[in-house]
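Asker: Okay, here's the structure, questions in a sec.
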Amino acid sequence: MFTDFFYILRQNKVPVSLVEWMTLMEALAKGHIKNLDEFYFLARAILVKSEAYYDQYDIAFQQYFQGVEAPEEITEQVLDWLKDPLSRLFLSEEEQAKFESMDFDELIKELEKRLEEQTGQHDGGGHWIGRGGTSPFGHSGYHPAGIRIGGQPGGRHAVQIAQERRFKNYRSDLTLDVRQIGMALKKLRQLRRTGLEDELDLEGTIKATAKNAGDLDFIWQRSRKNTVKLLLLMDVGGSMEPFAMLCSQLFSAAHSSTHFKDFQYYYFHNCIYDYLYKDVEREDAISTVHLLHTLEPDYKLLLVGDARMGPWELTERYGAINYYERNEIPGILWLKRIRDHFSHCVWLNPDDPRFWIHATVQMIGKLFPMYSLTLGGLEEAVGKLVVAK
Amino acid sequence: MKKDNFAQFSGSEDYVTSEPIRNAVNVSIALGRPLLIRGEAGTGKTLLAHSIARGLEKKLTIWNVKSTTKAQEGLYVYDTVQRLNDSRFGDKDVGDIKQYIKLGKLGQAFIAPEQVVLLIDEVDKADIEFPNDLLNELDEMSFYIPETNETISAIHRPITVITSNAEKELPDAFLRRCIFHYIEFPTPELMEEIVRVHFPDIKDNLISEALKTFYSLRKVDDFRKKPSTSELLDWIRALIAGGIPHEDIAKQVPFVGTLLKKENDYDFFVRNFATRRW
Ligand SMILES: Nc1ncnc2c1ncn2[C@@H]1O[C@H](COP(=O)(O)OP(=O)(O)OP(=O)(O)O)[C@@H](O)[C@H]1O
Ligand SMILES: [Mg+2]
């Protein structure tokens with residue numbers, strides 16, 4: 001039954017709601033979809049609301065339409081659905097609202113009930129499919145003069161398109177790219193009223209003027225500006241090498257984001273001691289103490305590192321991996337100092353959480369809320385940064 | 001069952017469309033649902049709305065959303081300050097509140113005597129609340145003005161196109177009501193067609209060299225802003241105007257400033273160009 005497609009989409013974690021499903025039914029019933037190729041794109045446009053789910057949609061589509069490749073068969077299949085009275089279900093707004101609030105199993109029961117009631121009531125489903133010339137979409141290949149048709153690969157069918165899985169890289173659960181990181185970071189922005197009082201407060205003016213018996217009394221307010229300041233501290237080199245790409249993406253995203261009032265970044269290796277570095281090569285140093293003096297506590301601190309090191313690097317005087325650093329204060333105390341200075345800190349760990357049982361990861365995890373450097377983790381981390389510590 | 005009659009968008013001369021886009025546009029028109037278009041900068045989101053308007057010979061109403069835009073402004077504003085001013089110094093009848101109600105873009109689209117294409121450009125620029133605040137109005141295609149006790153209802157449901165380059169900024173309830181299409185960044189083949197729309201007489205060598213360099217620059221992750229279609233078109237315009245031989249394009253990347261508009265990116269390019277770290 002066609003509703004299986006709905007189940008399969010859901011199984012593949014595409015968040016399809018009933019409102020959208022009903023919209024698809026409406027489109028089918030109104031005859032806007034005449035073959036499987038159109039169905040592929042239109043169902044996607046109606047059911048899927050983010051390119052991040054396009055790949056799961058492709059998988060679901062293949063699963064449901066397996067083996068259906070020849071256009072003739074497709075027509076048959078489409079015909080079959082159209083005979084399905086479900087597709088004729090027009091719901092009133094109230095009904096739709098009801099469906100929306102119903103749980104899924106209940107809904108399926110309800111639909112099946114209606115299905116039984118309506119069996120045998122179809123009136124020539126073929127009426128509005130495959131009618132060639134009268135289709136609102138026209139024949140493929142026929143384009144009225146003066147119209148540009150872009151490089152849409154011709155001659156391939158929906159299932160083949162789905163098989164290509166071109167949207168794999170857009171999935172948010174598997175990959176993370178600069179754009180996605182940027183989107184996640186954007187949620188850090190907080191609009192606050194700051195600066196000079198140079199914006200007319202209309203409401204206030206009206207109230208004040210009314211109070212003033214009609215004599216104009218202008219009330220001004222500060223305008224809203226983004227006030228978020230971000231500090232990014234990144235572990236580079238050594239065990240972080242495999243994650244260099246990921247970290248550079250995080251960096252690019254933060255760097256190119258226009259959503260911060262200020263963005264500063266420094267590097268370290270394994271742990272932070274007396275100095276942080278302005279460059280990946282760690283040649284241009286800046287004193288950690290100086291940094292803590294100059295950066296206000298309201299900088300949101302994002303630390304990135306795998307937090308894996310020799311325990312002595314964290315707990316011992318002169319424990320730094322670079323012996324010449326000769327740190328008088330153990331790394332863990334430096335980290336604690338940093339944590340205590342900033343009101344919002346998180347640690348992003350690119351390593352697989354299965355390895356977080358490592359001793360130093362555990363210790364650092366006690367100091368900073370630790371999240372994995374995936375889209376989900378980043379979103380959680382950002383969530384943590386916008387609320388209080 | 002009869003097919004509804006509805007406007008059919010099939011493209012326009014100055015815009016390269018694809019089958020999926022046209023279908024998405026048509027189904028959104030047919031079902032009367034807003035069309036949400038997402039895609040990287042320069043993928044032609046804004047231009048699509050223009051193309052729909054031109055293709056269907058309808059007027060285009062553009063609501064450019066900015067970070068300070070409030071949903072209310074799209075409906076109407078009540079110019080109380082003007083009224084107050086008139087009450088003190090003017091000779092108008094300030095009792096007639098109607099004259100102080102100024103319809104916003106949405107309001108204008110609703111009362112237009114003919115169906116218009118309404119472009120709500122860059123919704124993601126505004127506060128997260130913005131789309132939520134418009135949910136009802138877009139759904140019911142009407143709103144109420146308490147000051148004048150008037151309800152503005154759409155005479156014709158506008159064909160609504162909403163663009164965004166952001167992900168996940170839009171509330172679910174809003175998304176559920178939209179038809180969605182993601183425009184991918186054009187492949188080199190599609191880009192060639194787009195370039196040819198703008199430069200019909202361009203030489204084959206020039207276009208292929210320019211595209212090669214353009215796409216290799218787009219691979220550099222360190223840029224704050226990757227060059228997009230608009231920059232490419234500007235660059236090609238400069239290359240043509242400068243009479244640059246195609247052999248020099250990859251070697252020298254002339255006028256690179258038109259491709260890399262941010263100073264940092266330009267500096268980065270200049271610093272790393274010799275060694276070609278990409
Ligand atoms: N499919 C296309 N056909 C013809 N020209 C195109 C196409 N896509 C993009 N362009 C050209 O690219 C430029 C950018 O297009 P447009 O402004 O519509 O992009 P956009 O997606 O709205 O970008 P932004 O996110 O920056 O607003 C325009 O100059 C337009 O002429
Ligand atoms: Mg635009």
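Residues in the structure tokens are named by chain (A, B, ... in the order shown) and by number from 1 within that chain; ligands are numbered from 1 in the order shown.
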For ligand 1, return the neighbouring residues as a PyMOL selection string (distance at most 8 Å; only C-alpha atoms and all ligand atoms).
Answerer: (chain A and resi 150) or (chain B and resi 14-17+38-48+121-122+163-165+186+193-195+197-198+228-231+233)
Asker: So that I can check the surroundings of Asp234 in chain B, please list as a list of chain:residue names every protein, DNA and RNA residue that reaches within 12 Å of it, counting only C-alpha atoms and ignoring chain neighbours fewer than 3 positions away.
Answerer: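 In the requested form, the answer reads B:Val195, B:His198, B:Phe199, B:Ala210, B:Phe214, B:Pro227, B:Ser228, B:Thr229, B:Ser230, B:Glu231, B:Arg237, B:Ala238, B:Leu239, B:Ile240, B:Ala241, B:Phe255, B:Val256, B:Gly257, B:Thr258, B:Leu259, B:Leu260, B:Lys261.
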Asker: Taking the backbone alone, and naming residues the way the document does, which bits of range 92-277 of chain B are helix (DSSP H, G or I) by DSSP, as an NGL selection string?
Answerer: :B and (97-100 or 105-111 or 123-125 or 129-140 or 172-176 or 188-198 or 204-218 or 229-241 or 246-252 or 256-259 or 263-273)
Asker: Which is closest to ligand 2 among B:Ala250, B:Leu206, B:Ala166, B:Cys178, if we use only C-alpha atoms and all ligand atoms?
Answerer: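 Using only C-alpha atoms and all ligand atoms, the shortest distance to ligand 2 belongs to B:Ala166.
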Asker: Please provide the set of residues having any atom within 6 Å of Glu197 in chain A, restricted to only C-alpha atoms, with same-chain residues fewer than 4 positions apart removed, written as number ranges by chain.
Answerer: A: 220-222
Asker: At most 6 Å is the cut-off: for each residue in chain B with any atom that close to an atom of chain A, write down the nearest atom pair and the distance in Å rounded to one decimal, counting only C-alpha atoms, chain first then increasing number, as a Markdown table.
Answerer:
```
| residue | atom | partner | partner_atom | distance |
| --- | --- | --- | --- | --- |
| B:Lys3 | CA | A:Lys30 | CA | 5.7 |
| B:Gly11 | CA | A:Ile147 | CA | 5.6 |
| B:Ser12 | CA | A:Ile147 | CA | 5.2 |
| B:Glu13 | CA | A:Ile147 | CA | 5.0 |
| B:Val16 | CA | A:Arg148 | CA | 5.1 |
| B:Thr17 | CA | A:Gly150 | CA | 5.2 |
| B:Ser18 | CA | A:Gly150 | CA | 5.0 |
| B:Pro20 | CA | A:Phe41 | CA | 5.8 |
| B:Ile179 | CA | A:Ile46 | CA | 5.1 |
| B:Phe180 | CA | A:Ala45 | CA | 4.8 |
| B:His181 | CA | A:Ala45 | CA | 5.6 |
| B:Leu190 | CA | A:Gly151 | CA | 5.3 |
| B:Asp222 | CA | A:Ser252 | CA | 6.0 |
| B:Arg224 | CA | A:Ser256 | CA | 4.5 |
```
Asker: Which polymer residues have any atom within 8 Å of an atom of range 343-357 of chain A, counting only C-alpha atoms, with same-chain residues fewer than 4 positions away left out, as a ChimeraX atom specification?
Answerer: /A:243,246,297-307,339,361-362,365,368-374,377-378,381,384-389
Asker: Output C-alpha atoms for every residue in that selection, as an mmCIF file, in the first residue's frame.
Answerer:
```cif
data_model
loop_
_atom_site.group_PDB
_atom_site.id
_atom_site.type_symbol
_atom_site.label_atom_id
_atom_site.label_comp_id
_atom_site.auth_asym_id
_atom_site.auth_seq_id
_atom_site.Cartn_x
_atom_site.Cartn_y
_atom_site.Cartn_z
ATOM 1 C CA PHE A 243 41.070 15.984 12.745
ATOM 2 C CA LEU A 246 37.436 19.142 10.699
ATOM 3 C CA PRO A 297 34.481 36.919 31.152
ATOM 4 C CA ASP A 298 31.524 37.167 28.798
ATOM 5 C CA TYR A 299 33.506 35.796 25.855
ATOM 6 C CA LYS A 300 31.979 32.453 24.960
ATOM 7 C CA LEU A 301 34.775 29.959 25.099
ATOM 8 C CA LEU A 302 34.931 27.084 22.646
ATOM 9 C CA LEU A 303 37.813 24.707 23.307
ATOM 10 C CA VAL A 304 38.611 22.090 20.717
ATOM 11 C CA GLY A 305 40.823 19.125 21.374
ATOM 12 C CA ASP A 306 40.877 15.388 21.830
ATOM 13 C CA ALA A 307 41.946 15.889 25.461
ATOM 14 C CA ARG A 339 37.298 27.902 33.102
ATOM 15 C CA VAL A 361 39.690 13.043 28.786
ATOM 16 C CA GLN A 362 37.815 12.154 31.935
ATOM 17 C CA GLY A 365 35.489 16.382 31.014
ATOM 18 C CA PHE A 368 34.326 21.512 30.896
ATOM 19 C CA PRO A 369 31.077 20.170 29.533
ATOM 20 C CA MET A 370 32.358 18.035 26.666
ATOM 21 C CA TYR A 371 30.595 17.471 23.353
ATOM 22 C CA SER A 372 31.599 15.583 20.279
ATOM 23 C CA LEU A 373 32.507 17.602 17.234
ATOM 24 C CA THR A 374 29.554 16.504 15.140
ATOM 25 C CA GLY A 377 27.316 17.784 19.439
ATOM 26 C CA LEU A 378 27.999 21.250 18.184
ATOM 27 C CA ALA A 381 27.419 22.814 22.812
ATOM 28 C CA LYS A 384 25.088 25.236 26.478
ATOM 29 C CA LEU A 385 26.895 28.422 25.553
ATOM 30 C CA VAL A 386 23.767 30.489 25.349
ATOM 31 C CA VAL A 387 22.509 29.539 28.776
ATOM 32 C CA ALA A 388 24.383 30.153 31.984
ATOM 33 C CA LYS A 389 27.242 27.882 33.046
#
```
Asker: Quick one: distance from CA of His156 in chain B to CA of Leu170 in chain B in Å, one decimal?
Answerer: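 If I compute the distance from CA of His156 in chain B to CA of Leu170 in chain B, I get 25.7 Å.
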Asker: I need the residue nearest Met25 in chain A from this list: A:Lys207, A:Lys366, A:Thr3, A:Asn12. Use only C-alpha atoms for the distance.
Answerer: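 Among A:Lys207, A:Lys366, A:Thr3, A:Asn12, it is A:Thr3 that comes nearest to Met25 in chain A.
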Asker: Enter the distance from CA of Ile159 in chain B to CA of Gly32 in chain B, in Å, rounded to one decimal.
Answerer: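 Rounded to one decimal, the two atoms are 7.2 Å apart.
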